[in-house]
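Engineer: I'm passing along data.cif; it holds mmCIF, C-alpha atoms.
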```
data_my_file
#
loop_
_atom_site.label_atom_id
_atom_site.label_comp_id
_atom_site.auth_asym_id
_atom_site.auth_seq_id
_atom_site.Cartn_x
_atom_site.Cartn_y
_atom_site.Cartn_z
CA GLY A 136 -75.17 -162.02 153.23
CA ALA A 137 -74.28 -159.19 150.84
CA ASN A 138 -77.64 -157.55 151.60
CA ALA A 139 -77.06 -157.78 155.35
CA ALA A 140 -73.49 -156.44 155.12
CA LEU A 141 -74.60 -153.42 153.08
CA ALA A 142 -77.69 -152.76 155.21
CA TYR A 143 -75.67 -152.92 158.43
CA SER A 144 -73.02 -150.60 157.05
CA ALA A 145 -75.65 -148.14 155.82
CA SER A 146 -77.22 -147.92 159.27
CA HIS A 147 -73.95 -147.94 161.28
CA LYS A 148 -71.91 -145.53 159.19
CA THR A 149 -69.28 -144.62 161.79
CA ASN A 150 -68.66 -148.08 163.27
CA VAL A 151 -67.78 -150.03 160.12
CA PHE A 152 -64.17 -150.45 158.96
CA ALA A 153 -64.92 -152.15 155.63
CA VAL A 154 -67.73 -153.92 153.78
CA ILE A 155 -67.24 -157.20 151.95
CA ALA A 156 -70.20 -158.26 149.81
CA LEU A 157 -69.86 -161.72 148.28
CA ALA A 158 -72.04 -163.12 145.50
CA PRO A 159 -74.82 -160.55 145.66
CA GLY A 160 -77.92 -162.28 144.47
CA HIS A 161 -81.06 -161.12 146.26
CA PHE A 162 -82.68 -158.19 144.45
CA PRO A 163 -86.11 -157.52 146.02
CA ASP A 164 -86.63 -154.54 143.73
CA ARG A 165 -86.66 -156.96 140.77
CA MET A 166 -88.86 -159.71 142.23
CA ARG A 167 -91.84 -159.98 139.91
CA ALA A 168 -92.92 -163.58 140.52
CA PRO A 169 -96.69 -163.69 141.16
CA ASP A 170 -96.31 -165.73 144.37
CA ILE A 171 -93.87 -163.20 145.83
CA GLN A 172 -95.99 -160.22 144.76
CA SER A 173 -99.09 -161.82 146.28
CA LYS A 174 -97.30 -162.55 149.57
CA LEU A 175 -95.92 -158.99 149.67
CA SER A 176 -99.48 -157.67 149.45
CA GLU A 177 -100.69 -160.12 152.09
CA SER A 178 -97.74 -159.21 154.34
CA ARG A 179 -98.43 -155.48 154.10
CA THR A 180 -102.05 -156.13 155.09
CA LYS A 181 -101.05 -158.33 158.04
CA ILE A 182 -98.39 -155.88 159.24
CA PHE A 183 -100.72 -152.88 158.91
CA SER A 184 -103.41 -154.69 160.90
CA GLY A 185 -100.98 -155.48 163.73
CA GLN A 186 -100.50 -159.15 162.82
CA GLY A 187 -96.90 -158.87 161.62
CA LYS A 188 -95.60 -161.46 164.09
CA ALA A 189 -98.11 -164.08 162.90
CA THR A 190 -96.42 -166.99 161.16
CA SER A 191 -97.00 -168.35 157.70
CA VAL A 192 -95.30 -170.17 154.84
CA PHE A 193 -93.58 -167.88 152.35
CA PRO A 194 -92.13 -168.25 148.87
CA ASP A 195 -88.37 -167.84 148.53
CA ILE A 196 -85.80 -168.09 145.78
CA ASN A 197 -82.05 -168.69 145.88
CA ALA A 198 -79.82 -169.06 142.85
CA GLY A 199 -82.88 -169.65 140.67
CA GLU A 200 -84.35 -172.34 142.91
CA HIS A 201 -87.85 -171.73 144.26
CA PHE A 202 -88.82 -173.15 147.65
CA GLU A 203 -90.84 -172.28 150.75
CA VAL A 204 -89.78 -171.02 154.16
CA SER A 205 -91.66 -170.54 157.42
CA GLY A 206 -91.52 -167.41 159.49
CA ASN A 207 -93.41 -164.30 160.44
CA TYR A 208 -94.71 -161.59 158.16
CA LEU A 209 -92.42 -158.86 159.50
CA SER A 210 -89.25 -160.88 158.94
CA TRP A 211 -90.15 -162.13 155.48
CA TYR A 212 -91.37 -158.69 154.37
CA SER A 213 -88.17 -157.02 155.57
CA TYR A 214 -86.20 -159.22 153.17
CA PHE A 215 -88.53 -158.90 150.17
CA ASP A 216 -89.64 -155.27 150.53
CA PRO A 217 -88.47 -153.63 147.28
CA ASN A 218 -87.89 -150.36 149.16
CA GLY A 219 -86.39 -151.94 152.27
CA SER A 220 -82.91 -152.40 153.60
CA ALA A 221 -82.34 -155.60 151.58
CA ASN A 222 -82.36 -153.51 148.39
CA MET A 223 -78.61 -153.31 147.75
CA SER A 224 -78.94 -150.70 144.99
CA ARG A 225 -80.40 -148.37 147.60
CA THR A 226 -78.39 -149.19 150.71
CA VAL A 227 -75.01 -149.12 148.98
CA THR A 228 -75.45 -145.39 148.35
CA GLN A 229 -75.47 -144.81 152.12
CA ILE A 230 -72.28 -146.61 153.15
CA LYS A 231 -69.16 -144.75 154.25
CA ALA A 232 -66.66 -147.62 154.55
CA PRO A 233 -64.60 -149.01 151.67
CA LEU A 234 -66.42 -151.69 149.68
CA LEU A 235 -65.17 -154.96 148.25
CA LEU A 236 -67.80 -156.57 146.03
CA ILE A 237 -67.02 -159.99 144.57
CA SER A 238 -69.18 -161.74 141.97
CA GLY A 239 -68.81 -165.11 140.30
CA THR A 240 -68.48 -165.22 136.53
CA SER A 241 -70.87 -168.20 136.46
CA ASP A 242 -73.37 -166.72 138.92
CA PRO A 243 -76.47 -165.59 137.01
CA THR A 244 -77.89 -163.82 140.07
CA GLY A 245 -74.90 -161.54 140.49
CA ARG A 246 -74.00 -160.66 136.93
CA ASP A 247 -75.35 -157.12 137.36
CA GLY A 248 -73.57 -156.53 140.67
CA LYS A 249 -71.06 -154.10 139.26
CA SER A 250 -73.57 -151.82 137.54
CA THR A 251 -76.43 -152.01 140.04
CA ILE A 252 -74.47 -152.12 143.29
CA PHE A 253 -70.75 -151.35 143.05
CA ASN A 254 -71.04 -148.38 140.69
CA ARG A 255 -73.59 -146.77 143.03
CA ALA A 256 -71.30 -146.85 146.07
CA PRO A 257 -69.90 -143.52 147.25
CA ALA A 258 -66.50 -142.83 145.73
CA ASN A 259 -63.66 -144.32 147.76
CA GLN A 260 -60.20 -145.03 146.41
CA LYS A 261 -60.18 -148.31 148.36
CA ASN A 262 -63.36 -149.68 146.74
CA ARG A 263 -62.75 -152.77 144.63
CA TYR A 264 -64.84 -154.96 142.37
CA ILE A 265 -63.55 -158.46 141.66
CA GLU A 266 -64.93 -161.29 139.54
CA VAL A 267 -63.84 -164.82 140.30
CA ASN A 268 -64.34 -167.97 138.27
CA ALA A 269 -67.18 -169.32 140.40
CA GLY A 270 -70.89 -169.88 140.72
CA HIS A 271 -73.06 -168.38 143.43
CA PHE A 272 -72.21 -170.85 146.18
CA ASP A 273 -68.45 -171.18 145.70
CA VAL A 274 -67.62 -167.46 145.49
CA PRO A 275 -66.42 -167.31 149.13
CA GLU A 276 -63.92 -170.13 148.64
CA LYS A 277 -62.66 -168.84 145.30
CA ALA A 278 -62.45 -165.25 146.58
CA SER A 279 -60.49 -165.86 149.77
CA ALA A 280 -57.09 -164.79 148.39
CA GLY A 281 -58.55 -161.58 146.93
CA ILE A 282 -60.25 -160.79 150.23
CA VAL A 283 -57.02 -161.21 152.20
CA THR A 284 -55.11 -159.04 149.71
CA TRP A 285 -57.73 -156.29 149.82
CA LEU A 286 -57.97 -156.31 153.62
CA SER A 287 -54.17 -156.21 153.91
CA GLY A 288 -54.14 -153.03 151.83
CA LEU A 289 -56.60 -151.10 153.97
#
```
Take the structure from the file and write it as C-alpha cells.
Structural biologist:
Amino acid sequence: GANAALAYSASHKTNVFAVIALAPGHFPDRMRAPDIQSKLSESRTKIFSGQGKATSVFPDINAGEHFEVSGNYLSWYSYFDPNGSANMSRTVTQIKAPLLLISGTSDPTGRDGKSTIFNRAPANQKNRYIEVNAGHFDVPEKASAGIVTWLSGL
C-alpha cells in the first residue's frame, strides 16, 4: 500500500492532495534472496522476449514470511524491480503533496522508513513522520487518530 500511494503520487503530481503511507515494508532495492533474484532475471528475459503476460508462480515475502503467488511476469516484475515504481526511496523524491508516513515500533520491515523514505521526501512543512506502538499489520488501526489529526490540519 505505501508503495502504491507513493508511486501514484509521483506519477500524478498535480492531482494528489496528500499521501498517507502506512507501515512501509516492501523494499525491492534491498531484495537479495536468491529465489527473488533468479525470478527477476527470468522475468526480464520473458518480458524482453515478448512473453511478459505469461503466467508463473513467483516468490513473495511479507513481514518476513516467504510464500508463493501466481501471476504474470509483467505484474510481478513491476513490484520487485529494484529500479521500478515500487522503490519508495526513489518515488518519494518525486511527490509534490504533503506526506504522512507512519511506521510501527515493532515492525521490523519498516524500521528504516524515516531515513530511507521520509527524509528523502521534498521539503514540505506539512510532512509528518509518526511511529505508533504496533507491528506491521496493526499500524492502520493504531494510527487512525494520528491520521485524522493530520488530515484535519491540512
Engineer: Once the PyMOL selection byres ((chain A and resi 223) around 10) is applied to the coordinates I shared, what remains selected? I want it as JSON, numbers by chain.
Structural biologist: {"A": [137, 138, 139, 140, 141, 142, 156, 159, 160, 161, 162, 163, 164, 217, 218, 219, 220, 221, 222, 224, 225, 226, 227, 228, 248, 251, 252, 253, 255, 256]}
Engineer: Which neighbours of Val154 (chain A) fall inside 8 Å, counting all atoms listed in the file, when residues of the same chain fewer than 6 positions from it are skipped, and could you give them as JSON, numbers by chain?
Structural biologist: {"A": [140, 141, 144, 232, 233, 234, 235]}
Engineer: Sort by chain and increasing residue number a table of all residues of region 167-253 of chain A within 8 Å of region 270-277 of chain A, each with its closest pair of atoms and their distance in Å to one decimal, counting only C-alpha atoms, and write it as a Markdown table.
Structural biologist:
```
| residue | atom | partner | partner_atom | distance |
| --- | --- | --- | --- | --- |
| A:Ala198 | CA | A:His271 | CA | 6.8 |
| A:Ile237 | CA | A:Val274 | CA | 7.6 |
| A:Ser238 | CA | A:Val274 | CA | 6.9 |
| A:Gly239 | CA | A:Gly270 | CA | 5.2 |
| A:Thr240 | CA | A:Gly270 | CA | 6.7 |
| A:Ser241 | CA | A:Gly270 | CA | 4.6 |
| A:Asp242 | CA | A:Gly270 | CA | 4.4 |
| A:Pro243 | CA | A:His271 | CA | 7.8 |
| A:Thr244 | CA | A:His271 | CA | 7.4 |
| A:Gly245 | CA | A:His271 | CA | 7.7 |
```
Engineer: Specify as a list in words each residue included when the PyMOL selection byres ((chain A and resi 195) around 12) is applied to this file.
Structural biologist: His161, Phe162, Pro163, Met166, Ala168, Pro169, Asp170, Ile171, Gln172, Lys174, Leu175, Val192, Phe193, Pro194, Ile196, Asn197, Ala198, Gly199, Glu200, His201, Phe202, Glu203, Val204, Ser205, Gly206, Trp211, Tyr212, Tyr214 and Phe215 of chain A
Engineer: Counting all atoms listed in the file, which residue out of A:Lys261, A:Ile282, A:Gln229, A:Arg179 sits closest to Tyr208 (chain A)?
Structural biologist: A:Arg179
